[in-house]
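**Student:** This is work-v3.txt, which holds compact mmCIF, N, CA and C atoms:
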```
# COMPACT_ATOMS: atom_id res chain seq x y z
N GLN A 251 -28.39 -20.80 -15.01
CA GLN A 251 -29.48 -20.10 -14.35
C GLN A 251 -30.11 -19.11 -15.33
N VAL A 252 -31.43 -19.08 -15.37
CA VAL A 252 -32.16 -18.16 -16.23
C VAL A 252 -33.17 -17.41 -15.36
N GLN A 253 -33.19 -16.09 -15.49
CA GLN A 253 -34.18 -15.28 -14.79
C GLN A 253 -35.22 -14.80 -15.80
N LEU A 254 -36.48 -14.87 -15.39
CA LEU A 254 -37.58 -14.53 -16.29
C LEU A 254 -38.42 -13.42 -15.67
N VAL A 255 -38.75 -12.41 -16.47
CA VAL A 255 -39.57 -11.30 -15.99
C VAL A 255 -40.68 -11.04 -16.99
N GLU A 256 -41.92 -11.20 -16.52
CA GLU A 256 -43.08 -10.96 -17.38
C GLU A 256 -43.52 -9.51 -17.31
N SER A 257 -44.15 -9.06 -18.38
CA SER A 257 -44.76 -7.74 -18.42
C SER A 257 -45.89 -7.74 -19.43
N GLY A 258 -46.71 -6.70 -19.40
CA GLY A 258 -47.76 -6.56 -20.39
C GLY A 258 -49.15 -6.89 -19.91
N GLY A 259 -49.27 -7.36 -18.68
CA GLY A 259 -50.60 -7.67 -18.16
C GLY A 259 -51.39 -6.39 -17.89
N GLY A 260 -52.67 -6.57 -17.58
CA GLY A 260 -53.50 -5.41 -17.28
C GLY A 260 -54.97 -5.76 -17.32
N LEU A 261 -55.79 -4.71 -17.35
CA LEU A 261 -57.23 -4.85 -17.40
C LEU A 261 -57.72 -4.53 -18.81
N VAL A 262 -58.52 -5.40 -19.38
CA VAL A 262 -59.03 -5.21 -20.72
C VAL A 262 -60.48 -5.70 -20.78
N GLN A 263 -61.25 -5.12 -21.66
CA GLN A 263 -62.63 -5.56 -21.85
C GLN A 263 -62.67 -6.83 -22.69
N ALA A 264 -63.72 -7.59 -22.51
CA ALA A 264 -63.91 -8.79 -23.31
C ALA A 264 -63.88 -8.42 -24.80
N GLY A 265 -63.19 -9.26 -25.56
CA GLY A 265 -63.01 -8.99 -26.98
C GLY A 265 -61.75 -8.22 -27.30
N GLY A 266 -61.10 -7.69 -26.29
CA GLY A 266 -59.88 -6.93 -26.49
C GLY A 266 -58.65 -7.80 -26.61
N SER A 267 -57.51 -7.11 -26.68
CA SER A 267 -56.23 -7.80 -26.88
C SER A 267 -55.19 -7.30 -25.89
N LEU A 268 -54.24 -8.17 -25.59
CA LEU A 268 -53.05 -7.84 -24.81
C LEU A 268 -51.88 -8.62 -25.38
N ARG A 269 -50.69 -8.07 -25.23
CA ARG A 269 -49.49 -8.83 -25.57
C ARG A 269 -48.59 -8.90 -24.34
N LEU A 270 -48.35 -10.12 -23.91
CA LEU A 270 -47.44 -10.35 -22.79
C LEU A 270 -46.03 -10.56 -23.32
N SER A 271 -45.08 -10.09 -22.55
CA SER A 271 -43.67 -10.31 -22.87
C SER A 271 -42.99 -10.98 -21.70
N CYS A 272 -41.99 -11.77 -22.01
CA CYS A 272 -41.18 -12.42 -20.99
C CYS A 272 -39.72 -12.22 -21.37
N ALA A 273 -39.04 -11.40 -20.61
CA ALA A 273 -37.63 -11.12 -20.87
C ALA A 273 -36.77 -12.06 -20.04
N ALA A 274 -35.82 -12.68 -20.70
CA ALA A 274 -34.95 -13.65 -20.04
C ALA A 274 -33.53 -13.13 -19.94
N SER A 275 -32.91 -13.41 -18.85
CA SER A 275 -31.49 -13.12 -18.69
C SER A 275 -30.81 -14.36 -18.16
N GLY A 276 -29.54 -14.46 -18.47
CA GLY A 276 -28.83 -15.65 -18.04
C GLY A 276 -28.31 -16.43 -19.22
N ARG A 277 -28.12 -17.69 -19.00
CA ARG A 277 -27.40 -18.48 -19.98
C ARG A 277 -28.30 -19.13 -21.03
N ALA A 278 -27.88 -19.01 -22.27
CA ALA A 278 -28.39 -19.84 -23.37
C ALA A 278 -29.91 -19.84 -23.50
N PHE A 279 -30.50 -18.67 -23.46
CA PHE A 279 -31.96 -18.59 -23.64
C PHE A 279 -32.38 -19.27 -24.92
N SER A 280 -31.58 -19.14 -25.96
CA SER A 280 -31.98 -19.66 -27.26
C SER A 280 -32.06 -21.18 -27.26
N ARG A 281 -31.51 -21.83 -26.26
CA ARG A 281 -31.58 -23.29 -26.18
C ARG A 281 -32.60 -23.77 -25.15
N HIS A 282 -33.56 -22.91 -24.85
CA HIS A 282 -34.63 -23.24 -23.92
C HIS A 282 -35.96 -23.31 -24.63
N ALA A 283 -36.74 -24.33 -24.33
CA ALA A 283 -38.15 -24.28 -24.66
C ALA A 283 -38.81 -23.32 -23.68
N MET A 284 -39.81 -22.60 -24.16
CA MET A 284 -40.48 -21.61 -23.32
C MET A 284 -41.98 -21.86 -23.31
N GLY A 285 -42.59 -21.54 -22.20
CA GLY A 285 -44.02 -21.76 -22.09
C GLY A 285 -44.71 -20.65 -21.32
N TRP A 286 -46.00 -20.54 -21.55
CA TRP A 286 -46.86 -19.66 -20.77
C TRP A 286 -47.90 -20.52 -20.05
N PHE A 287 -48.06 -20.23 -18.78
CA PHE A 287 -49.05 -20.89 -17.95
C PHE A 287 -49.92 -19.83 -17.30
N ARG A 288 -51.06 -20.22 -16.76
CA ARG A 288 -51.90 -19.27 -16.05
C ARG A 288 -52.55 -19.95 -14.85
N GLN A 289 -52.86 -19.10 -13.87
CA GLN A 289 -53.47 -19.61 -12.66
C GLN A 289 -54.52 -18.61 -12.18
N ALA A 290 -55.75 -19.08 -12.14
CA ALA A 290 -56.86 -18.28 -11.62
C ALA A 290 -57.02 -18.58 -10.14
N PRO A 291 -57.65 -17.69 -9.39
CA PRO A 291 -57.84 -17.92 -7.96
C PRO A 291 -58.55 -19.25 -7.68
N GLY A 292 -57.98 -20.03 -6.79
CA GLY A 292 -58.58 -21.29 -6.42
C GLY A 292 -58.38 -22.42 -7.40
N LYS A 293 -57.60 -22.16 -8.45
CA LYS A 293 -57.37 -23.20 -9.47
C LYS A 293 -55.89 -23.52 -9.58
N GLU A 294 -55.61 -24.66 -10.16
CA GLU A 294 -54.23 -25.05 -10.37
C GLU A 294 -53.64 -24.30 -11.56
N ARG A 295 -52.34 -24.19 -11.55
CA ARG A 295 -51.64 -23.58 -12.67
C ARG A 295 -51.76 -24.48 -13.89
N GLY A 296 -52.16 -23.89 -15.03
CA GLY A 296 -52.37 -24.70 -16.22
C GLY A 296 -51.65 -24.15 -17.44
N PHE A 297 -51.35 -25.05 -18.33
CA PHE A 297 -50.61 -24.72 -19.55
C PHE A 297 -51.47 -23.89 -20.50
N VAL A 298 -50.84 -22.89 -21.11
CA VAL A 298 -51.52 -22.07 -22.10
C VAL A 298 -50.91 -22.27 -23.49
N ALA A 299 -49.59 -22.08 -23.58
CA ALA A 299 -48.92 -22.19 -24.87
C ALA A 299 -47.44 -22.43 -24.64
N GLY A 300 -46.80 -23.06 -25.62
CA GLY A 300 -45.37 -23.32 -25.53
C GLY A 300 -44.72 -23.23 -26.90
N ILE A 301 -43.40 -23.03 -26.87
CA ILE A 301 -42.65 -22.89 -28.12
C ILE A 301 -41.28 -23.52 -27.94
N SER A 302 -40.83 -24.19 -28.98
CA SER A 302 -39.52 -24.84 -28.92
C SER A 302 -38.40 -23.81 -29.01
N TRP A 303 -37.17 -24.27 -28.80
CA TRP A 303 -36.03 -23.35 -28.76
C TRP A 303 -35.87 -22.55 -30.05
N SER A 304 -36.19 -23.17 -31.17
CA SER A 304 -36.00 -22.51 -32.46
C SER A 304 -37.23 -21.74 -32.90
N GLY A 305 -38.35 -22.00 -32.26
CA GLY A 305 -39.60 -21.40 -32.70
C GLY A 305 -40.33 -22.21 -33.75
N SER A 306 -39.75 -23.34 -34.14
CA SER A 306 -40.35 -24.13 -35.21
C SER A 306 -41.56 -24.92 -34.76
N SER A 307 -41.65 -25.17 -33.46
CA SER A 307 -42.79 -25.92 -32.93
C SER A 307 -43.51 -25.09 -31.88
N THR A 308 -44.83 -25.08 -31.97
CA THR A 308 -45.66 -24.42 -30.96
C THR A 308 -46.79 -25.37 -30.56
N TYR A 309 -47.33 -25.12 -29.39
CA TYR A 309 -48.40 -25.98 -28.88
C TYR A 309 -49.30 -25.12 -28.00
N TYR A 310 -50.61 -25.33 -28.12
CA TYR A 310 -51.58 -24.53 -27.39
C TYR A 310 -52.61 -25.41 -26.69
N THR A 311 -53.09 -24.94 -25.57
CA THR A 311 -54.23 -25.62 -24.99
C THR A 311 -55.45 -25.29 -25.85
N ASP A 312 -56.42 -26.19 -25.86
CA ASP A 312 -57.55 -26.06 -26.79
C ASP A 312 -58.31 -24.75 -26.62
N SER A 313 -58.44 -24.29 -25.40
CA SER A 313 -59.29 -23.12 -25.14
C SER A 313 -58.73 -21.82 -25.71
N VAL A 314 -57.46 -21.80 -26.10
CA VAL A 314 -56.88 -20.56 -26.63
C VAL A 314 -56.50 -20.67 -28.11
N LYS A 315 -56.66 -21.84 -28.69
CA LYS A 315 -56.31 -22.01 -30.10
C LYS A 315 -57.11 -21.05 -30.97
N GLY A 316 -56.41 -20.39 -31.89
CA GLY A 316 -57.06 -19.43 -32.77
C GLY A 316 -57.17 -18.04 -32.18
N ARG A 317 -56.90 -17.90 -30.88
CA ARG A 317 -56.99 -16.58 -30.23
C ARG A 317 -55.62 -16.10 -29.74
N PHE A 318 -54.80 -17.01 -29.25
CA PHE A 318 -53.48 -16.66 -28.70
C PHE A 318 -52.39 -17.13 -29.65
N THR A 319 -51.30 -16.38 -29.68
CA THR A 319 -50.13 -16.76 -30.47
C THR A 319 -48.87 -16.55 -29.65
N ILE A 320 -48.07 -17.61 -29.56
CA ILE A 320 -46.79 -17.52 -28.88
C ILE A 320 -45.69 -17.35 -29.91
N SER A 321 -44.71 -16.52 -29.59
CA SER A 321 -43.58 -16.31 -30.49
C SER A 321 -42.36 -15.97 -29.65
N ARG A 322 -41.21 -15.98 -30.27
CA ARG A 322 -39.98 -15.66 -29.55
C ARG A 322 -39.01 -14.93 -30.45
N ASP A 323 -38.18 -14.13 -29.84
CA ASP A 323 -37.10 -13.43 -30.54
C ASP A 323 -35.83 -13.75 -29.77
N ASN A 324 -35.06 -14.70 -30.26
CA ASN A 324 -33.88 -15.14 -29.52
C ASN A 324 -32.79 -14.06 -29.48
N ALA A 325 -32.80 -13.17 -30.44
CA ALA A 325 -31.83 -12.08 -30.42
C ALA A 325 -32.11 -11.11 -29.28
N LYS A 326 -33.37 -11.03 -28.87
CA LYS A 326 -33.78 -10.14 -27.78
C LYS A 326 -34.03 -10.89 -26.48
N ASN A 327 -33.80 -12.21 -26.49
CA ASN A 327 -34.04 -13.02 -25.29
C ASN A 327 -35.45 -12.82 -24.75
N THR A 328 -36.42 -12.81 -25.63
CA THR A 328 -37.79 -12.50 -25.23
C THR A 328 -38.76 -13.46 -25.89
N VAL A 329 -39.76 -13.86 -25.13
CA VAL A 329 -40.87 -14.64 -25.67
C VAL A 329 -42.15 -13.84 -25.44
N TYR A 330 -43.07 -13.97 -26.38
CA TYR A 330 -44.29 -13.17 -26.37
C TYR A 330 -45.52 -14.07 -26.36
N LEU A 331 -46.61 -13.52 -25.86
CA LEU A 331 -47.91 -14.17 -25.97
C LEU A 331 -48.91 -13.10 -26.41
N GLN A 332 -49.30 -13.16 -27.67
CA GLN A 332 -50.32 -12.25 -28.19
C GLN A 332 -51.67 -12.86 -27.91
N MET A 333 -52.50 -12.12 -27.19
CA MET A 333 -53.81 -12.63 -26.78
C MET A 333 -54.89 -11.75 -27.40
N ASN A 334 -55.68 -12.35 -28.28
CA ASN A 334 -56.78 -11.65 -28.94
C ASN A 334 -58.11 -12.25 -28.52
N SER A 335 -59.19 -11.52 -28.79
CA SER A 335 -60.55 -12.00 -28.48
C SER A 335 -60.62 -12.51 -27.05
N LEU A 336 -60.12 -11.72 -26.14
CA LEU A 336 -60.05 -12.15 -24.74
C LEU A 336 -61.44 -12.33 -24.14
N LYS A 337 -61.54 -13.31 -23.24
CA LYS A 337 -62.79 -13.64 -22.57
C LYS A 337 -62.60 -13.50 -21.06
N PRO A 338 -63.68 -13.29 -20.33
CA PRO A 338 -63.54 -13.20 -18.87
C PRO A 338 -62.87 -14.44 -18.27
N GLU A 339 -63.07 -15.59 -18.86
CA GLU A 339 -62.45 -16.81 -18.33
C GLU A 339 -60.95 -16.87 -18.57
N ASP A 340 -60.41 -15.91 -19.31
CA ASP A 340 -58.96 -15.83 -19.47
C ASP A 340 -58.30 -15.09 -18.30
N THR A 341 -59.11 -14.55 -17.42
CA THR A 341 -58.58 -13.83 -16.26
C THR A 341 -57.76 -14.76 -15.37
N ALA A 342 -56.52 -14.36 -15.11
CA ALA A 342 -55.60 -15.18 -14.32
C ALA A 342 -54.28 -14.45 -14.18
N VAL A 343 -53.43 -15.00 -13.34
CA VAL A 343 -52.02 -14.59 -13.34
C VAL A 343 -51.31 -15.45 -14.37
N TYR A 344 -50.60 -14.81 -15.26
CA TYR A 344 -49.89 -15.51 -16.33
C TYR A 344 -48.41 -15.59 -16.00
N PHE A 345 -47.87 -16.81 -16.12
CA PHE A 345 -46.48 -17.08 -15.79
C PHE A 345 -45.72 -17.53 -17.03
N CYS A 346 -44.51 -17.05 -17.12
CA CYS A 346 -43.58 -17.49 -18.15
C CYS A 346 -42.69 -18.58 -17.54
N ALA A 347 -42.35 -19.57 -18.34
CA ALA A 347 -41.52 -20.67 -17.85
C ALA A 347 -40.51 -21.07 -18.90
N GLY A 348 -39.37 -21.57 -18.45
CA GLY A 348 -38.32 -21.99 -19.37
C GLY A 348 -37.71 -23.31 -18.97
N GLU A 349 -37.30 -24.07 -19.97
CA GLU A 349 -36.69 -25.38 -19.74
C GLU A 349 -35.56 -25.58 -20.74
N PRO A 350 -34.34 -25.89 -20.27
CA PRO A 350 -33.25 -26.18 -21.20
C PRO A 350 -33.62 -27.39 -22.05
N LEU A 351 -33.85 -27.19 -23.34
CA LEU A 351 -34.33 -28.27 -24.19
C LEU A 351 -34.00 -27.92 -25.64
N TYR A 352 -33.04 -28.63 -26.17
CA TYR A 352 -32.55 -28.34 -27.52
C TYR A 352 -33.17 -29.34 -28.48
N SER A 353 -34.52 -29.30 -28.58
CA SER A 353 -35.24 -30.18 -29.49
C SER A 353 -36.54 -29.50 -29.89
N ASP A 354 -37.32 -30.17 -30.72
CA ASP A 354 -38.59 -29.61 -31.15
C ASP A 354 -39.74 -29.97 -30.23
N TYR A 355 -39.44 -30.68 -29.17
CA TYR A 355 -40.48 -31.05 -28.20
C TYR A 355 -40.89 -29.80 -27.43
N VAL A 356 -42.19 -29.63 -27.20
CA VAL A 356 -42.71 -28.50 -26.43
C VAL A 356 -43.34 -29.03 -25.15
N PRO A 357 -42.71 -28.82 -24.01
CA PRO A 357 -43.29 -29.28 -22.75
C PRO A 357 -44.61 -28.58 -22.45
N SER A 358 -45.52 -29.29 -21.79
CA SER A 358 -46.82 -28.70 -21.47
C SER A 358 -47.27 -28.94 -20.04
N TYR A 359 -46.39 -29.45 -19.20
CA TYR A 359 -46.71 -29.69 -17.80
C TYR A 359 -45.82 -28.83 -16.91
N VAL A 360 -46.39 -28.43 -15.78
CA VAL A 360 -45.65 -27.58 -14.84
C VAL A 360 -44.32 -28.21 -14.46
N HIS A 361 -44.32 -29.50 -14.17
CA HIS A 361 -43.10 -30.14 -13.67
C HIS A 361 -42.01 -30.26 -14.73
N GLU A 362 -42.35 -29.99 -15.97
CA GLU A 362 -41.35 -30.08 -17.05
C GLU A 362 -40.52 -28.81 -17.18
N TYR A 363 -40.88 -27.77 -16.49
CA TYR A 363 -40.17 -26.50 -16.61
C TYR A 363 -39.35 -26.22 -15.35
N GLU A 364 -38.13 -25.77 -15.56
CA GLU A 364 -37.22 -25.51 -14.44
C GLU A 364 -37.30 -24.07 -13.94
N TYR A 365 -37.47 -23.14 -14.86
CA TYR A 365 -37.39 -21.71 -14.49
C TYR A 365 -38.76 -21.07 -14.65
N TRP A 366 -39.06 -20.16 -13.71
CA TRP A 366 -40.36 -19.50 -13.68
C TRP A 366 -40.20 -18.01 -13.39
N GLY A 367 -41.07 -17.22 -14.00
CA GLY A 367 -41.16 -15.82 -13.65
C GLY A 367 -42.12 -15.62 -12.49
N GLN A 368 -42.30 -14.37 -12.10
CA GLN A 368 -43.14 -14.03 -10.96
C GLN A 368 -44.61 -13.88 -11.34
N GLY A 369 -44.89 -13.75 -12.62
CA GLY A 369 -46.27 -13.66 -13.07
C GLY A 369 -46.74 -12.23 -13.31
N THR A 370 -47.73 -12.12 -14.18
CA THR A 370 -48.35 -10.83 -14.46
C THR A 370 -49.86 -11.04 -14.53
N GLN A 371 -50.61 -10.13 -13.92
CA GLN A 371 -52.06 -10.28 -13.82
C GLN A 371 -52.74 -9.84 -15.11
N VAL A 372 -53.63 -10.67 -15.58
CA VAL A 372 -54.50 -10.33 -16.72
C VAL A 372 -55.94 -10.42 -16.23
N THR A 373 -56.67 -9.33 -16.37
CA THR A 373 -58.07 -9.29 -15.96
C THR A 373 -58.92 -8.86 -17.14
N VAL A 374 -59.90 -9.70 -17.47
CA VAL A 374 -60.79 -9.42 -18.60
C VAL A 374 -62.19 -9.16 -18.04
N SER A 375 -62.69 -7.97 -18.27
CA SER A 375 -64.01 -7.62 -17.76
C SER A 375 -65.08 -7.91 -18.81
N SER A 376 -66.25 -8.26 -18.33
CA SER A 376 -67.36 -8.61 -19.25
C SER A 376 -68.19 -7.39 -19.61
```
Output the structure of this file as structure tokens.
**Tutor:**
Amino acid sequence: QVQLVESGGGLVQAGGSLRLSCAASGRAFSRHAMGWFRQAPGKERGFVAGISWSGSSTYYTDSVKGRFTISRDNAKNTVYLQMNSLKPEDTAVYFCAGEPLYSDYVPSYVHEYEYWGQGTQVTVSS
């Protein structure tokens, strides 16, 4: 069992930056692939970024490439999402997700992840 708690959300102006954190507790965090998803009102939850257990592989949805960076610190049981050049369309609740996966594959679908956090709100004003 892995528990995930997100933090770092808030209100920011367009062009600004935020860094989200996801703290994990429980078993073998270092052997989990981790992902960030987001859900805007009235829309389905969608993939933002993912990282393999070792950090050697990352994957991003096209709309955030070059602006967002996912990273992890296995010693701190934490995964991060650095978000730069934020746009109003980035406004959503951001969720951290984890999946026991000891490979370089990075899952990108909701159903591929077993563990989820409660989410943190990110609001980008124009």
**Student:** Dump as a tab-separated table the rows for residues of range 333-370 of chain A within 9 Å of range 275-287 of chain A: closest atom pair and distance in Å with one decimal, only C-alpha atoms counted, ordered by chain and rising residue number.
**Tutor:**
```
residue	atom	partner	partner_atom	distance
A:Val343	CA	A:Phe287	CA	8.4
A:Tyr344	CA	A:Phe287	CA	5.7
A:Phe345	CA	A:Phe287	CA	5.1
A:Cys346	CA	A:Trp286	CA	4.7
A:Ala347	CA	A:Gly285	CA	5.0
A:Gly348	CA	A:Met284	CA	4.5
A:Glu349	CA	A:His282	CA	5.1
A:Pro350	CA	A:His282	CA	4.2
A:Leu351	CA	A:His282	CA	5.0
A:Tyr352	CA	A:Arg281	CA	5.3
A:Ser353	CA	A:Ala283	CA	8.2
A:Asp354	CA	A:Ala283	CA	8.4
A:Tyr355	CA	A:Ala283	CA	8.0
A:Val356	CA	A:Ala283	CA	6.5
A:Pro357	CA	A:Ala283	CA	7.4
A:Ser358	CA	A:Gly285	CA	7.5
A:Val360	CA	A:Phe287	CA	8.1
A:Tyr363	CA	A:Gly285	CA	8.2
```
**Student:** Quick one: residues within 6.5 Å of range 306-319 of chain A, all atoms listed in the file counted, chain neighbours fewer than 4 positions away excluded, as a list in words?
**Tutor:**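 Contacts, with the query itself left out: Phe297, Val298, Ala299, Gly300, Ile301, Ser302, Tyr330, Leu331, Gln332, Met333, Asn334, Ser335, Asp354 and Val356 of chain A.
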**Student:** Please produce a file of those selected residues containing N, CA and C atoms, as a PDB file, in the coordinates of the input.
**Tutor:**
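Saved to again21.pdb:
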```pdb
ATOM      1  N   PHE A 297     -51.350 -25.050 -18.330  1.00  0.00           N
ATOM      2  CA  PHE A 297     -50.610 -24.720 -19.550  1.00  0.00           C
ATOM      3  C   PHE A 297     -51.470 -23.890 -20.500  1.00  0.00           C
ATOM      4  N   VAL A 298     -50.840 -22.890 -21.110  1.00  0.00           N
ATOM      5  CA  VAL A 298     -51.520 -22.070 -22.100  1.00  0.00           C
ATOM      6  C   VAL A 298     -50.910 -22.270 -23.490  1.00  0.00           C
ATOM      7  N   ALA A 299     -49.590 -22.080 -23.580  1.00  0.00           N
ATOM      8  CA  ALA A 299     -48.920 -22.190 -24.870  1.00  0.00           C
ATOM      9  C   ALA A 299     -47.440 -22.430 -24.640  1.00  0.00           C
ATOM     10  N   GLY A 300     -46.800 -23.060 -25.620  1.00  0.00           N
ATOM     11  CA  GLY A 300     -45.370 -23.320 -25.530  1.00  0.00           C
ATOM     12  C   GLY A 300     -44.720 -23.230 -26.900  1.00  0.00           C
ATOM     13  N   ILE A 301     -43.400 -23.030 -26.870  1.00  0.00           N
ATOM     14  CA  ILE A 301     -42.650 -22.890 -28.120  1.00  0.00           C
ATOM     15  C   ILE A 301     -41.280 -23.520 -27.940  1.00  0.00           C
ATOM     16  N   SER A 302     -40.830 -24.190 -28.980  1.00  0.00           N
ATOM     17  CA  SER A 302     -39.520 -24.840 -28.920  1.00  0.00           C
ATOM     18  C   SER A 302     -38.400 -23.810 -29.010  1.00  0.00           C
ATOM     19  N   TYR A 330     -43.070 -13.970 -26.380  1.00  0.00           N
ATOM     20  CA  TYR A 330     -44.290 -13.170 -26.370  1.00  0.00           C
ATOM     21  C   TYR A 330     -45.520 -14.070 -26.360  1.00  0.00           C
ATOM     22  N   LEU A 331     -46.610 -13.520 -25.860  1.00  0.00           N
ATOM     23  CA  LEU A 331     -47.910 -14.170 -25.970  1.00  0.00           C
ATOM     24  C   LEU A 331     -48.910 -13.100 -26.410  1.00  0.00           C
ATOM     25  N   GLN A 332     -49.300 -13.160 -27.670  1.00  0.00           N
ATOM     26  CA  GLN A 332     -50.320 -12.250 -28.190  1.00  0.00           C
ATOM     27  C   GLN A 332     -51.670 -12.860 -27.910  1.00  0.00           C
ATOM     28  N   MET A 333     -52.500 -12.120 -27.190  1.00  0.00           N
ATOM     29  CA  MET A 333     -53.810 -12.630 -26.780  1.00  0.00           C
ATOM     30  C   MET A 333     -54.890 -11.750 -27.400  1.00  0.00           C
ATOM     31  N   ASN A 334     -55.680 -12.350 -28.280  1.00  0.00           N
ATOM     32  CA  ASN A 334     -56.780 -11.650 -28.940  1.00  0.00           C
ATOM     33  C   ASN A 334     -58.110 -12.250 -28.520  1.00  0.00           C
ATOM     34  N   SER A 335     -59.190 -11.520 -28.790  1.00  0.00           N
ATOM     35  CA  SER A 335     -60.550 -12.000 -28.480  1.00  0.00           C
ATOM     36  C   SER A 335     -60.620 -12.510 -27.050  1.00  0.00           C
ATOM     37  N   ASP A 354     -37.320 -30.170 -30.720  1.00  0.00           N
ATOM     38  CA  ASP A 354     -38.590 -29.610 -31.150  1.00  0.00           C
ATOM     39  C   ASP A 354     -39.740 -29.970 -30.230  1.00  0.00           C
ATOM     40  N   VAL A 356     -42.190 -29.630 -27.200  1.00  0.00           N
ATOM     41  CA  VAL A 356     -42.710 -28.500 -26.430  1.00  0.00           C
ATOM     42  C   VAL A 356     -43.340 -29.030 -25.150  1.00  0.00           C
TER      43      VAL A 356
END
```
**Student:** Would you list the contacts of Ser271 in chain A as a PyMOL selection string, taking every protein, DNA or RNA residue within 6 Å and counting only C-alpha atoms, but skipping same-chain residues closer than 4 positions in sequence?
**Tutor:** chain A and resi 256-257+329-330
**Student:** In the coordinate frame of the file, compute which residues have an atom within 6.5 Å of (-64.3, -5.6, -17.6) when using only N, CA and C atoms, and state them as a PyMOL selection string.
**Tutor:** chain A and resi 262-264+373-376
**Student:** Just asking: which residues within range 252-365 of chain A are strand (DSSP E) according to DSSP, as a PyMOL selection string?
**Tutor:** chain A and resi 252-257+260-263+268-276+282-289+296-301+308-310+318-323+328-333+342-350+365
**Student:** Could you pull out all residues of range 255-373 of chain A with a DSSP call of helix (DSSP H, G or I) and give them as a list in words?
**Tutor:**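 Of range 255-373 of chain A, the ones in helix (DSSP H, G or I) are Phe279, Ser280, Arg281, Asp312, Ser313, Val314, Pro338, Glu339, Asp340, Val360, His361 and Glu362 of chain A.
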**Student:** By how many Å are CA of Glu362 in chain A and atom C of Asp340 in chain A apart?
**Tutor:**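 Rounded to one decimal, the two atoms are 22.7 Å apart.
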**Student:** Can you tell me, as a list in words, what residues are no more than 8 Å from Pro291 in chain A when counting only N, CA and C atoms, ignoring any on the same chain fewer than 3 positions away?
**Tutor:**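 The residues that qualify are Arg288, Glu294, Thr341, Ala342 and Val343 of chain A.
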**Student:** If you keep N, CA and C atoms, can you produce a file of those selected residues as a short mmCIF file (atom, residue, chain, number, x, y, z; two decimals), in the frame of the given file?
**Tutor:**
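Below is the file that was written, part22.cif:
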```cif
data_model
loop_
_atom_site.label_atom_id
_atom_site.label_comp_id
_atom_site.auth_asym_id
_atom_site.auth_seq_id
_atom_site.Cartn_x
_atom_site.Cartn_y
_atom_site.Cartn_z
N ARG A 288 -51.06 -20.22 -16.76
CA ARG A 288 -51.90 -19.27 -16.05
C ARG A 288 -52.55 -19.95 -14.85
N GLU A 294 -55.61 -24.66 -10.16
CA GLU A 294 -54.23 -25.05 -10.37
C GLU A 294 -53.64 -24.30 -11.56
N THR A 341 -59.11 -14.55 -17.42
CA THR A 341 -58.58 -13.83 -16.26
C THR A 341 -57.76 -14.76 -15.37
N ALA A 342 -56.52 -14.36 -15.11
CA ALA A 342 -55.60 -15.18 -14.32
C ALA A 342 -54.28 -14.45 -14.18
N VAL A 343 -53.43 -15.00 -13.34
CA VAL A 343 -52.02 -14.59 -13.34
C VAL A 343 -51.31 -15.45 -14.37
#
```
**Student:** Work out how far CA of Gly266 in chain A is from CA of Leu336 in chain A, in Å to one decimal.
**Tutor:** 5.5 Å
**Student:** When you count all atoms listed in the file, which of these residues is closest to Gly369 in chain A: A:Gly259, A:Gly305, A:Gly296, A:Gly265?
**Tutor:**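 Nearest to Gly369 in chain A: A:Gly259.
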**Student:** Please measure the separation of CA of Cys272 in chain A and atom C of Gln253 in chain A, giving the value in Å to one decimal.
**Tutor:**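 We find that CA of Cys272 in chain A and atom C of Gln253 in chain A lie 8.3 Å from each other.
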**Student:** Between A:Val372, A:Ala290, A:Leu261, A:Ala274, which has the minimum distance to Thr328 in chain A (counting only C-alpha atoms)?
**Tutor:**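 Of the candidates, the smallest distance to Thr328 in chain A is held by A:Ala274.
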**Student:** I need the residue nearest Gly258 in chain A from this list: A:Lys337, A:Tyr365, A:Ile320, A:Gln371. Use all atoms listed in the file for the distance.
**Tutor:**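 When distances to Gly258 in chain A are compared using all atoms listed in the file, the smallest one comes from A:Gln371.
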